[in-house]
file protein_33.txt (compact mmCIF, C-alpha atoms)
# COMPACT_ATOMS: atom_id res chain seq x y z
CA MET K 1 -106.51 -22.08 -129.37
CA LYS K 2 -105.66 -21.42 -125.73
CA LYS K 3 -101.96 -21.94 -126.48
CA GLY K 4 -102.22 -19.49 -129.38
CA ILE K 5 -103.77 -16.84 -127.14
CA CYS K 6 -101.11 -17.36 -124.47
CA LEU K 7 -98.38 -17.11 -127.10
CA LEU K 8 -99.91 -13.92 -128.47
CA LEU K 9 -100.14 -12.43 -124.98
CA SER K 10 -96.53 -13.39 -124.28
CA LEU K 11 -95.34 -11.77 -127.51
CA THR K 12 -97.39 -8.65 -126.78
CA LEU K 13 -95.98 -8.45 -123.25
CA ALA K 14 -92.44 -8.88 -124.57
CA LEU K 15 -93.00 -6.11 -127.13
CA MET K 16 -94.39 -3.79 -124.46
CA MET K 17 -91.40 -4.49 -122.21
CA SER K 18 -89.06 -3.83 -125.11
CA LEU K 19 -90.75 -0.51 -125.84
CA ALA K 20 -90.68 0.39 -122.16
CA LEU K 21 -86.96 -0.31 -121.94
CA THR K 22 -86.35 1.68 -125.10
CA GLY K 23 -88.23 4.57 -123.58
CA CYS K 24 -86.05 4.44 -120.48
CA GLY K 25 -82.95 4.48 -122.63
CA ASP K 26 -84.20 7.47 -124.59
CA GLU K 27 -84.55 9.43 -121.35
CA THR K 28 -80.80 9.95 -121.32
CA ALA K 29 -80.52 10.78 -125.03
CA PRO K 30 -81.18 14.55 -124.66
CA VAL K 31 -78.63 14.66 -121.83
CA LYS K 32 -75.97 12.96 -123.94
CA GLU K 33 -76.83 15.23 -126.87
CA ALA K 34 -76.29 18.35 -124.74
CA ALA K 35 -73.00 17.11 -123.31
CA ASP K 36 -71.81 16.00 -126.73
CA GLY K 37 -72.79 19.36 -128.24
CA CYS K 38 -70.86 21.27 -125.59
CA LEU K 39 -67.70 19.16 -125.92
CA ALA K 40 -67.87 19.10 -129.73
CA ALA K 41 -68.09 22.89 -129.89
CA MET K 42 -65.20 23.26 -127.44
CA ALA K 43 -63.14 20.79 -129.49
CA ASP K 44 -63.79 23.03 -132.50
CA GLY K 45 -62.70 26.07 -130.47
CA ASP K 46 -66.18 27.57 -130.86
CA MET K 47 -67.07 28.96 -127.45
CA GLU K 48 -70.18 30.73 -128.78
CA LYS K 49 -71.55 27.41 -130.01
CA ALA K 50 -70.63 25.73 -126.71
CA LYS K 51 -72.73 28.30 -124.85
CA GLU K 52 -75.83 26.99 -126.59
CA PHE K 53 -75.48 23.80 -124.56
CA CYS K 54 -74.52 25.44 -121.25
CA ASP K 55 -76.23 27.43 -118.55
CA GLU K 56 -75.12 31.06 -118.92
CA GLU K 57 -73.67 31.15 -115.40
CA VAL K 58 -71.20 28.33 -116.10
CA PHE K 59 -69.25 30.65 -118.41
CA LYS K 60 -69.68 33.74 -116.23
CA THR K 61 -68.77 32.52 -112.77
CA GLY K 62 -68.77 28.74 -112.99
CA SER K 63 -66.25 26.06 -113.88
CA LEU K 64 -65.86 27.32 -117.47
CA SER K 65 -65.49 30.99 -116.55
CA SER K 66 -61.80 30.98 -117.53
CA PHE K 67 -62.87 30.56 -121.16
CA SER K 68 -64.77 33.83 -120.98
CA GLU K 69 -61.47 35.63 -120.51
CA PHE K 70 -60.72 34.93 -124.16
CA GLU K 71 -63.75 36.97 -125.16
CA THR K 72 -62.28 40.07 -123.53
CA ILE K 73 -58.60 39.42 -124.24
CA THR K 74 -58.40 42.31 -126.71
CA ASP K 75 -59.83 44.77 -124.19
CA SER K 76 -57.65 43.37 -121.42
CA LEU K 77 -54.43 43.68 -123.41
CA ALA K 78 -55.25 47.23 -124.47
CA GLU K 79 -56.21 48.22 -120.94
CA SER K 80 -52.99 46.77 -119.51
CA ALA K 81 -51.06 49.01 -121.90
CA GLY K 82 -53.08 52.06 -120.91
CA ILE K 83 -54.86 52.46 -124.25
CA LYS K 84 -58.31 51.73 -125.67
CA ALA K 85 -59.13 48.64 -127.70
CA ASP K 86 -60.54 50.90 -130.42
CA ASP K 87 -57.06 52.37 -130.85
CA LEU K 88 -55.56 49.00 -131.77
CA SER K 89 -54.68 48.58 -135.42
CA ASP K 90 -56.32 45.89 -137.55
CA GLU K 91 -53.02 44.01 -137.64
CA ALA K 92 -52.77 44.06 -133.86
CA LYS K 93 -56.37 42.89 -133.46
CA ASP K 94 -55.85 40.14 -136.03
CA SER K 95 -52.79 38.88 -134.16
CA ILE K 96 -54.80 38.61 -130.95
CA GLU K 97 -57.66 36.86 -132.73
CA LYS K 98 -55.26 34.38 -134.36
CA PHE K 99 -53.65 33.57 -131.01
CA LYS K 100 -57.06 33.05 -129.41
CA THR K 101 -58.39 30.92 -132.27
CA ASP K 102 -55.28 28.72 -132.52
CA PHE K 103 -55.18 28.16 -128.76
CA LEU K 104 -58.84 27.21 -128.45
CA ASP K 105 -58.69 25.00 -131.56
CA GLN K 106 -55.92 22.95 -129.97
CA LEU K 107 -57.19 22.99 -126.39
CA ILE K 108 -59.40 19.89 -126.69
CA ASP K 109 -57.97 17.33 -129.09
CA SER K 110 -60.68 14.69 -128.71
CA TYR K 111 -63.26 13.32 -126.29
CA GLU K 112 -65.36 10.25 -125.66
CA ILE K 113 -68.74 10.23 -123.93
CA GLY K 114 -69.14 7.51 -121.31
CA ASP K 115 -71.90 6.72 -118.81
CA VAL K 116 -74.94 9.00 -118.64
CA THR K 117 -76.99 9.02 -115.44
CA ILE K 118 -80.23 10.76 -114.45
CA ASN K 119 -79.88 11.47 -110.72
CA ASP K 120 -82.59 11.35 -108.08
CA ASP K 121 -82.37 15.12 -107.55
CA GLY K 122 -83.31 15.79 -111.17
CA THR K 123 -79.79 16.59 -112.36
CA ALA K 124 -77.83 14.44 -114.77
CA THR K 125 -74.21 13.32 -114.79
CA VAL K 126 -72.15 12.53 -117.87
CA ASN K 127 -68.73 10.91 -117.64
CA ALA K 128 -66.34 11.66 -120.46
CA LYS K 129 -62.69 11.12 -121.27
CA VAL K 130 -61.22 14.33 -122.61
CA THR K 131 -57.84 14.55 -124.33
CA TYR K 132 -56.37 18.04 -124.18
CA GLY K 133 -53.97 19.17 -126.90
CA TYR K 134 -51.52 20.49 -124.32
CA ASP K 135 -49.69 19.11 -121.32
CA ILE K 136 -51.84 20.83 -118.71
CA ASP K 137 -49.38 20.28 -115.85
CA LYS K 138 -46.60 21.95 -117.85
CA MET K 139 -48.87 24.80 -118.90
CA GLN K 140 -49.79 25.54 -115.29
CA LYS K 141 -46.08 25.93 -114.51
CA ILE K 142 -45.53 28.62 -117.16
CA ASP K 143 -44.97 31.98 -115.48
CA PHE K 144 -46.83 34.35 -117.78
CA ASP K 145 -46.03 37.30 -115.53
CA LYS K 146 -42.31 36.88 -116.11
CA MET K 147 -41.30 36.44 -119.73
CA ASP K 148 -37.81 37.50 -120.69
CA ASP K 149 -38.53 37.14 -124.40
CA ALA K 150 -41.36 39.67 -124.18
CA GLU K 151 -39.12 42.15 -122.40
CA LYS K 152 -36.45 41.68 -125.07
CA ILE K 153 -38.96 42.42 -127.83
CA MET K 154 -40.11 45.58 -126.06
CA GLN K 155 -36.59 46.77 -125.30
CA LYS K 156 -35.37 46.21 -128.84
CA TYR K 157 -38.34 48.07 -130.29
CA MET K 158 -37.85 51.03 -127.94
CA THR K 159 -34.17 51.19 -128.81
CA ASP K 160 -34.76 50.96 -132.56
CA HIS K 161 -37.61 53.50 -132.54
CA GLN K 162 -36.48 55.83 -129.76
CA SER K 163 -36.40 58.96 -131.91
CA GLU K 164 -39.78 58.23 -133.51
CA LEU K 165 -41.45 57.53 -130.17
CA LEU K 166 -39.96 60.64 -128.62
CA SER K 167 -41.23 62.76 -131.49
CA ILE K 168 -44.77 61.37 -131.12
CA TYR K 169 -44.61 61.82 -127.36
CA GLN K 170 -43.59 65.47 -127.68
CA SER K 171 -46.11 66.34 -130.37
CA GLU K 172 -49.12 64.16 -129.52
CA GLY K 173 -48.60 62.94 -125.96
CA GLN K 174 -47.79 59.75 -124.08
CA THR K 175 -50.95 57.83 -125.06
CA LYS K 176 -50.25 58.24 -128.77
CA ALA K 177 -46.66 57.10 -128.33
CA MET K 178 -47.80 54.08 -126.32
CA THR K 179 -50.46 53.26 -128.92
CA LYS K 180 -47.83 53.33 -131.66
CA MET K 181 -45.57 50.96 -129.75
CA VAL K 182 -48.32 48.54 -128.77
CA ASN K 183 -49.64 48.29 -132.32
CA ASP K 184 -46.17 47.64 -133.69
CA VAL K 185 -45.00 45.04 -131.17
CA LEU K 186 -48.24 43.19 -130.42
CA PRO K 187 -48.06 40.80 -133.42
CA ASP K 188 -44.54 39.76 -132.38
CA LEU K 189 -45.64 39.37 -128.76
CA MET K 190 -48.59 37.17 -129.74
CA ASP K 191 -46.32 34.98 -131.89
CA MET K 192 -43.84 34.72 -129.03
CA LEU K 193 -46.58 33.75 -126.56
CA ALA K 194 -47.97 31.09 -128.90
CA ASP K 195 -44.49 29.63 -129.44
CA LYS K 196 -43.88 29.60 -125.68
CA ILE K 197 -47.07 27.68 -124.97
CA ASN K 198 -46.56 25.24 -127.85
CA THR K 199 -42.97 24.59 -126.76
CA GLU K 200 -43.23 24.50 -122.97
CA ALA K 201 -46.63 22.81 -122.82
CA ALA K 202 -46.08 20.42 -125.71
CA GLY K 203 -47.88 17.11 -125.34
CA THR K 204 -51.38 15.93 -124.48
CA THR K 205 -53.30 15.26 -121.30
CA ASP K 206 -56.00 12.61 -120.82
CA GLU K 207 -58.50 13.55 -118.15
CA ASP K 208 -61.58 11.80 -116.80
CA THR K 209 -64.16 14.55 -116.78
CA VAL K 210 -67.60 14.85 -115.20
CA LEU K 211 -70.28 17.09 -116.69
CA THR K 212 -73.28 18.00 -114.55
CA LEU K 213 -76.45 19.02 -116.35
CA GLU K 214 -79.78 20.46 -115.28
CA GLN K 215 -83.05 20.71 -117.16
CA LYS K 216 -84.15 24.30 -117.65
CA ASP K 217 -87.20 25.22 -119.73
CA ASP K 218 -87.36 21.61 -120.98
CA LYS K 219 -83.76 21.79 -122.20
CA TRP K 220 -80.75 20.03 -120.69
CA LEU K 221 -77.84 22.40 -120.08
CA VAL K 222 -74.34 21.87 -118.73
CA THR K 223 -73.96 23.58 -115.36
CA LYS K 224 -70.56 22.22 -114.36
CA MET K 225 -67.55 20.59 -115.99
CA GLU K 226 -64.69 19.38 -113.83
CA ALA K 227 -62.03 16.71 -113.51
CA LYS K 228 -63.28 13.52 -111.89
CA GLN K 229 -62.13 13.32 -108.29

call {"tool": "encode", "arguments": {"input": "protein_33.txt", "output": "structure tokens"}}
result
Amino acid sequence: MKKGICLLLSLTLALMMSLALTGCGDETAPVKEAADGCLAAMADGDMEKAKEFCDEEVFKTGSLSSFSEFETITDSLAESAGIKADDLSDEAKDSIEKFKTDFLDQLIDSYEIGDVTINDDGTATVNAKVTYGYDIDKMQKIDFDKMDDAEKIMQKYMTDHQSELLSIYQSEGQTKAMTKMVNDVLPDLMDMLADKINTEAAGTTDEDTVLTLEQKDDKWLVTKMEAKQ
């Protein structure tokens, strides 16, 4: 009888220890889920979805702020040409959107979540191996401010449409003439830029990445994503 009670107590203690250990393991599950959600959305090229798993500042001024530039690329391109985004044609806007979508879709090819750690300061750290769909070193060497192909496209268009542009300039002003040119050449420029990136940055890059997360309003959010030092 005594042996039976001891055996029962031992089994009960073992079960309690097992449940306790399971509980400790589950503590990291929400962290992993948040990191996985962020990386999965980025791999799909869906920055809006990725934001659901990130602190809002990480996309505004933090380590992922460069991705926010894609949200305003249409406005930026129009502004650089001295026109308004509303004056862009549907074809021009579609060409920008296609470039943005294709680039982001290919940016992260795959990823693998590694160790997940809850730190003493209340933050969490997730190690991941990220495979980018481009050769990042080659991409960083591309001089986007100096592109001979873009200048050739612009020069050819101006030569071929000189009379038409002059007529618009004289009758409707410089902005209208510029708007006409931008709308006509932008699809070709976007195709040229995509080809340049795909050609000169062809390849993949494996990078050990560290995601830092913080718990805000009972929800784990990514606050930093950077290459492991």

call {"tool": "closest_residue", "arguments": {"input": "protein_33.txt", "among": "K:Lys219, K:Leu104, K:Ala81, K:Ser89", "to": "Ser68 (chain K)", "atoms": "only C-alpha atoms"}}
result
K:Leu104

call {"tool": "residues_around", "arguments": {"input": "protein_33.txt", "residues": "region 46-49 of chain K", "least_positions_apart": "5", "cutoff": "8 Å", "atoms": "all atoms listed in the file", "output": "list of chain:residue names"}}
result
K:Cys38, K:Ala41, K:Phe67, K:Leu104, K:Asp105

call {"tool": "closest_residue", "arguments": {"input": "protein_33.txt", "among": "K:Thr205, K:Gln229, K:Ser171, K:Ser95", "to": "Tyr134 (chain K)", "atoms": "only C-alpha atoms"}}
result
K:Thr205

call {"tool": "closest_residue", "arguments": {"input": "protein_33.txt", "among": "K:Glu214, K:Asp206, K:Glu91, K:Asp109", "to": "Asp121 (chain K)", "atoms": "only C-alpha atoms"}}
result
K:Glu214

call {"tool": "closest_residue", "arguments": {"input": "protein_33.txt", "among": "K:Val31, K:Ile73, K:Ala227, K:Leu193", "to": "Thr117 (chain K)", "atoms": "only C-alpha atoms"}}
result
K:Val31

call {"tool": "closest_residue", "arguments": {"input": "protein_33.txt", "among": "K:Met190, K:Lys138, K:Thr175, K:Met154", "to": "Ala92 (chain K)", "atoms": "all atoms listed in the file"}}
result
K:Met190

call {"tool": "closest_residue", "arguments": {"input": "protein_33.txt", "among": "K:Asp135, K:Glu97, K:Glu226, K:Glu52", "to": "Asn198 (chain K)", "atoms": "only C-alpha atoms"}}
result
K:Asp135
